[in-house]
Amino acid sequence: MDERVRELFIKVLKGARDRYALGLDWGGDTAAEVAKVLDLLPNLDHLPPFDIRKPSAPAPFLKHLSPFLAEHDDLLPGLTELAVELPWSYAYSKKKDEPLLHERLGWYEFIGPQAPIKSRTFGFGIAFAAEGLSYDSHIHAAAEVFCVLAGEGEYRTGDSTVVVLPGEFCYFAPYKVHSSTRGKGPGVNIYSWSGDAVSVSGFTGFPGFP
């Protein structure tokens, strides 16, 4: 692996950890989950050897993300340069009503079951959603926290709706069905999963998901 990419990876991961740690001030379930994940994070100054798989092709949504990051490099120092080096993910089944969703949504996991730094009990990464994107009801076994870096989003769980702005946090309990709609500007979030980080997320109503 290119040493430059490794250094960028660690730089961005440290920056994400520090921004995520601000969630300790939010209290309640959010602060408890943030504290749990921070305890699980390895010492980022003494990481074991790891490798970053080079993408076979640029992720489709980079056409939205890269220009935005170029204008907002202060979100996470190094992310603009690192983004084009990463094999971003999109793991949902294709949706008939939105067949190009993979061009507007994706994520990269620094730590997790398939990530460069392996863990089966928690995941830690960065997610992107294009402006105006509707992210339909979905469910997963892991507890989840979002730390919003950019954009605003309306998040829904059951009868509850909350608008989350840059610098704010949002917590979802395991198996809690939730959905979101992006507001003004693309959304860039730091996210964590804990508990069952192996089972995938799925849209409700799809085979295997309630």
# chains A, B, ... in the order shown; residues from 1 in each chain; ligands from 1
call {"tool": "closest_atom_pairs", "arguments": {"of": "range 136-169 of chain A", "to": "range 110-123 of chain A", "cutoff": "10 Å", "atoms": "only C-alpha atoms", "output": "JSON lines"}}
result
{"residue": "A:Ala142", "atom": "CA", "partner": "A:Phe122", "partner_atom": "CA", "distance": 8.2}
{"residue": "A:Ala143", "atom": "CA", "partner": "A:Phe122", "partner_atom": "CA", "distance": 9.2}
{"residue": "A:Glu144", "atom": "CA", "partner": "A:Gly123", "partner_atom": "CA", "distance": 9.3}
call {"tool": "write_last_selection", "arguments": {"atoms": "C-alpha atoms", "output": "compact mmCIF listing (two decimals), in the first residue's frame"}}
result
# COMPACT_ATOMS: atom_id res chain seq x y z
CA ALA A 142 -26.43 -2.88 15.37
CA ALA A 143 -26.85 0.26 17.45
CA GLU A 144 -25.97 3.31 15.34
call {"tool": "select_by_dssp", "arguments": {"residues": "range 9-158 of chain A", "states": "strand (DSSP E)", "output": "ChimeraX atom specification"}}
result
/A:105-112,117-118,122-129,134-139,143-150,153-157
call {"tool": "select_by_dssp", "arguments": {"residues": "range 5-153 of chain A", "states": "helix (DSSP H, G or I)", "output": "count of residues only"}}
result
53
call {"tool": "residues_around", "arguments": {"residues": "Arg4 in chain A", "least_positions_apart": "6", "cutoff": "12 Å", "atoms": "only C-alpha atoms", "output": "list in words"}}
result
Ile10, Lys11, Ile52, Gly78, Glu81, Leu82 and Glu85 of chain A
call {"tool": "write_last_selection", "arguments": {"atoms": "N, CA and C atoms", "output": "CSV table (one decimal), in the first residue's frame"}}
result
chain,number,residue,atom,x,y,z
A,10,ILE,N,-4.9,7.3,8.3
A,10,ILE,CA,-4.8,7.5,9.8
A,10,ILE,C,-5.1,8.9,10.2
A,11,LYS,N,-4.7,9.9,9.4
A,11,LYS,CA,-5.0,11.3,9.7
A,11,LYS,C,-6.5,11.5,9.7
A,52,ILE,N,-5.3,-1.2,2.4
A,52,ILE,CA,-6.5,-0.6,1.9
A,52,ILE,C,-6.6,-1.1,0.4
A,78,GLY,N,-7.7,16.1,5.1
A,78,GLY,CA,-7.2,15.0,4.4
A,78,GLY,C,-8.3,14.2,3.7
A,81,GLU,N,-8.5,14.4,-0.3
A,81,GLU,CA,-7.5,13.7,-1.0
A,81,GLU,C,-7.7,12.2,-0.9
A,82,LEU,N,-8.1,11.7,0.3
A,82,LEU,CA,-8.3,10.3,0.6
A,82,LEU,C,-9.5,9.7,-0.2
A,85,GLU,N,-9.2,7.6,-3.2
A,85,GLU,CA,-8.4,6.4,-3.1
A,85,GLU,C,-9.1,5.2,-2.4
call {"tool": "residues_around", "arguments": {"residues": "Pro87 in chain A", "least_positions_apart": "6", "cutoff": "8 Å", "atoms": "only C-alpha atoms", "output": "short mmCIF file (atom, residue, chain, number, x, y, z; two decimals) with C-alpha atoms, in the first residue's frame"}}
result
data_model
loop_
_atom_site.label_atom_id
_atom_site.label_comp_id
_atom_site.auth_asym_id
_atom_site.auth_seq_id
_atom_site.Cartn_x
_atom_site.Cartn_y
_atom_site.Cartn_z
CA ARG A 53 -7.97 -2.28 -1.20
CA LYS A 54 -7.71 -0.04 -4.25
CA PRO A 55 -11.05 0.59 -5.96
CA SER A 56 -11.51 -1.15 -9.30
CA PRO A 58 -14.36 5.29 -8.95
CA ALA A 59 -17.54 5.13 -6.85
CA TYR A 108 -16.61 3.81 3.68
#
call {"tool": "residues_around", "arguments": {"residues": "Ser179 in chain A", "least_positions_apart": "2", "cutoff": "6 Å", "atoms": "only C-alpha atoms", "output": "JSON, numbers by chain"}}
result
{"A": [135, 136, 137, 155, 156]}
call {"tool": "residues_around", "arguments": {"residues": "range 36-41 of chain A", "least_positions_apart": "6", "cutoff": "10 Å", "atoms": "only C-alpha atoms", "output": "list in words"}}
result
Arg17, Asp18, Tyr20, Ala21, Leu24, Thr30, Ile111, Ser119, Thr121, Phe122, Gly123, Phe124, Val145, Ser192, Trp193, Ser194 and Gly195 of chain A
call {"tool": "atom_distance", "arguments": {"atom1": "CA of Val177 in chain A", "atom2": "CA of Arg19 in chain A"}}
result
25.9 Å
call {"tool": "closest_residue", "arguments": {"among": "A:Ala16, A:Ala32, A:Val198, A:Val162", "to": "Leu75 in chain A", "atoms": "only C-alpha atoms"}}
result
A:Ala16
call {"tool": "residues_around", "arguments": {"residues": "Ile190 in chain A", "least_positions_apart": "6", "cutoff": "8 Å", "atoms": "only C-alpha atoms", "output": "PDB file with C-alpha atoms, in the first residue's frame"}}
result
ATOM      1  CA  ALA A  16     -13.150  11.478  12.693  1.00  0.00           C
ATOM      2  CA  TYR A  20     -17.156  11.817  17.106  1.00  0.00           C
ATOM      3  CA  PHE A 124     -16.671   3.129  12.264  1.00  0.00           C
ATOM      4  CA  GLY A 125     -16.747   5.068   9.039  1.00  0.00           C
ATOM      5  CA  ILE A 126     -18.003   7.924   6.872  1.00  0.00           C
ATOM      6  CA  ALA A 127     -21.295   8.028   4.951  1.00  0.00           C
ATOM      7  CA  PHE A 146     -24.467   9.589  13.318  1.00  0.00           C
ATOM      8  CA  CYS A 147     -22.267  12.635  13.783  1.00  0.00           C
ATOM      9  CA  VAL A 148     -23.291  15.137  11.089  1.00  0.00           C
ATOM     10  CA  LEU A 149     -20.366  16.913   9.427  1.00  0.00           C
TER      11      LEU A 149
END
call {"tool": "closest_residue", "arguments": {"among": "A:Asn43, A:Ser66, A:Thr80, A:Ser89", "to": "Leu8 in chain A", "atoms": "only C-alpha atoms"}}
result
A:Thr80
call {"tool": "closest_residue", "arguments": {"among": "A:Gly158, A:Pro48, A:Pro67, A:Gly167", "to": "Ser180 in chain A", "atoms": "only C-alpha atoms"}}
result
A:Gly158
